[in-house]
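Have a look at the structure below before the remarks.
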Amino acid sequence: MSTSGSDSNPGTITQPWRTIQKAFNTLRAGETALVRGGVYTQSVVMTRAGTAVAPITVKSYPGEQAIIHAGGTGSMDYPVRITAGAAYFRLQGFVIEDAPLDTTVNVYISDGQQPPPGGAHDIELRDNEIRDGMGTGVLVAPWTYRVHLIGNAVHHNGIGTAHQHQGVYFQGQDGLIANNAVYDQSNGFGIQVRGEDTEIAANNVIVAENTSVGNSLAGFVVENTASNIKLINNVSAFNGTYGIHGYYCCGPILPGNVGYNNVLYGNASGATRNTTGVIVDFSGGNVLADPRFRNRSAADFRLQAGSPAIDGALFGFAPGFDRDELARPRGPAPDVGAHEY
């Protein structure tokens, strides 16, 4: 795609398409579309499926920055919506911005209100910058499964004031949230995992090697409507309430949620809290010490020498790379958080 292209073109590098939606409507299993730099003002919707061995990929052209900006100001103007029918799909390397209403989000990975196998599944959102939305940054709906959020920067969302929002709001099944930097959400949490209710629980989600900083409420929240959530090897610092909050909503407390081997520091209300009972089991222990970011005010959350996060991560919950695509580990053990020292 190119901002100077045409959707009547064949979609080659010399005769590119004009809109990202054209790629979303056209690509087949195993195909990749590269998007040249520029601003694409369109609210795009993905409903097509690749396969496990041949996913569909749409990504920014190497060395260029493509920006997806909401295409209007209406209630369905999500800059990116990935919904029922979409599967084995990767979106990589974009700036995604400016969802226009409190009720819209920048990236909505939706179940289309269809139980499995109808909802979006096997979706990878990688290396994107998701910013400046009135509502939540990324919302993953309850009946989605195997959604992976990897290496994204999610910041300055929730700038509307009518509702509380999150950087990442995850309700799906069998998911992975890893290597993301989630910071400075204006009116809400950094990363929240919860079910629609205890009948449609979020379940079996790994939340590992993320850095959550400066959000107006808690850095991480796991609600009692989620089960088997593993919150391990993360940094949560300088958030407005807790580093990690086990939050009680309603009904029974679902089992299997753990939060350990995280570096927690400078959170205004304290390191950890359960609203009632044991929503998150913190008995595995966390490190309460300054993570020593290089330059927090410039959102540079890489580590300085002497950080307690260096070589502090557990191998079983550390991907083989960090947010900068550097190999993990670079020392005796992986580092805690999105960046490897």
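Labels for the structure tokens follow display order: chains A, B, ..., residues from 1 in each chain, ligands from 1.
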
Within 9 Å of A:Ile200 using only C-alpha atoms, minus same-chain residues under 6 positions, as a count of residues only
5

Need the shell around A:Pro308: protein/DNA/RNA residues with any atom at most 10 Å away, counting only C-alpha atoms. Skip same-chain ones fewer than 5 positions apart. Format as a PyMOL selection string?
chain A and resi 263+287-292+303+313+335-336

Option closest in space to A:Phe89, from A:Ile244, A:Leu314, A:Ala33, A:Ala70 [counting only C-alpha atoms]:
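Once distances to A:Phe89 are computed over only C-alpha atoms, the minimum belongs to A:Ala33.
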
Among stretch 11-206 of chain A, which residues carry a DSSP assignment of helix (DSSP H, G or I), reported as a ChimeraX atom specification?
/A:20-26

Selected residues written out with C-alpha atoms, as a PDB file, in the first residue's frame:
ATOM      1  CA  ILE A  20      -5.143  -0.908   4.162  1.00  0.00           C
ATOM      2  CA  GLN A  21      -8.740  -2.116   3.968  1.00  0.00           C
ATOM      3  CA  LYS A  22      -8.042  -3.334   0.433  1.00  0.00           C
ATOM      4  CA  ALA A  23      -5.331  -5.607   1.825  1.00  0.00           C
ATOM      5  CA  PHE A  24      -7.621  -6.771   4.630  1.00  0.00           C
ATOM      6  CA  ASN A  25     -10.277  -7.649   2.019  1.00  0.00           C
ATOM      7  CA  THR A  26      -7.928  -9.354  -0.440  1.00  0.00           C
TER       8      THR A  26
END

Which residue gives the smallest distance to A:Thr161 among A:Thr144, A:Met1, A:Asp102, A:Ser212, with only C-alpha atoms counted?
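Closest candidate: A:Asp102.
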
From a DSSP pass on the backbone, collect the residues of stretch 131-177 of chain A flagged as strand (DSSP E) and hand them back as a PDB file with C-alpha atoms, in the first residue's frame.
ATOM      1  CA  ARG A 131      -1.523   5.835  21.441  1.00  0.00           C
ATOM      2  CA  VAL A 138      -6.270  -2.539  23.118  1.00  0.00           C
ATOM      3  CA  LEU A 139      -9.442  -4.475  23.989  1.00  0.00           C
ATOM      4  CA  VAL A 140      -9.503  -8.268  23.582  1.00  0.00           C
ATOM      5  CA  TYR A 145      -8.545 -17.218  21.923  1.00  0.00           C
ATOM      6  CA  ARG A 146      -4.819 -17.428  21.332  1.00  0.00           C
ATOM      7  CA  VAL A 147      -4.412 -13.668  20.991  1.00  0.00           C
ATOM      8  CA  HIS A 148      -0.767 -12.610  21.398  1.00  0.00           C
ATOM      9  CA  LEU A 149       0.206  -9.019  22.210  1.00  0.00           C
ATOM     10  CA  ILE A 150       3.982  -8.798  21.827  1.00  0.00           C
ATOM     11  CA  ALA A 153       4.146   0.439  23.136  1.00  0.00           C
ATOM     12  CA  VAL A 154       0.711   1.341  24.519  1.00  0.00           C
ATOM     13  CA  HIS A 155       0.543   4.848  25.926  1.00  0.00           C
ATOM     14  CA  HIS A 165     -10.053   2.875  30.538  1.00  0.00           C
ATOM     15  CA  GLN A 166      -6.940   0.730  30.259  1.00  0.00           C
ATOM     16  CA  GLY A 167      -3.843   0.427  28.157  1.00  0.00           C
ATOM     17  CA  VAL A 168      -4.649  -3.255  27.582  1.00  0.00           C
ATOM     18  CA  TYR A 169      -7.999  -4.795  28.570  1.00  0.00           C
ATOM     19  CA  PHE A 170      -7.804  -8.556  28.042  1.00  0.00           C
ATOM     20  CA  LEU A 176       0.011 -14.069  25.769  1.00  0.00           C
ATOM     21  CA  ILE A 177       0.889 -10.488  26.777  1.00  0.00           C
TER      22      ILE A 177
END

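The environment of A:Asp77 within 7 Å, counting only C-alpha atoms and disregarding residues fewer than 6 places along the same chain, consists of Ser43, Ala70, Gly71, Ala99 and Thr104 of chain A.
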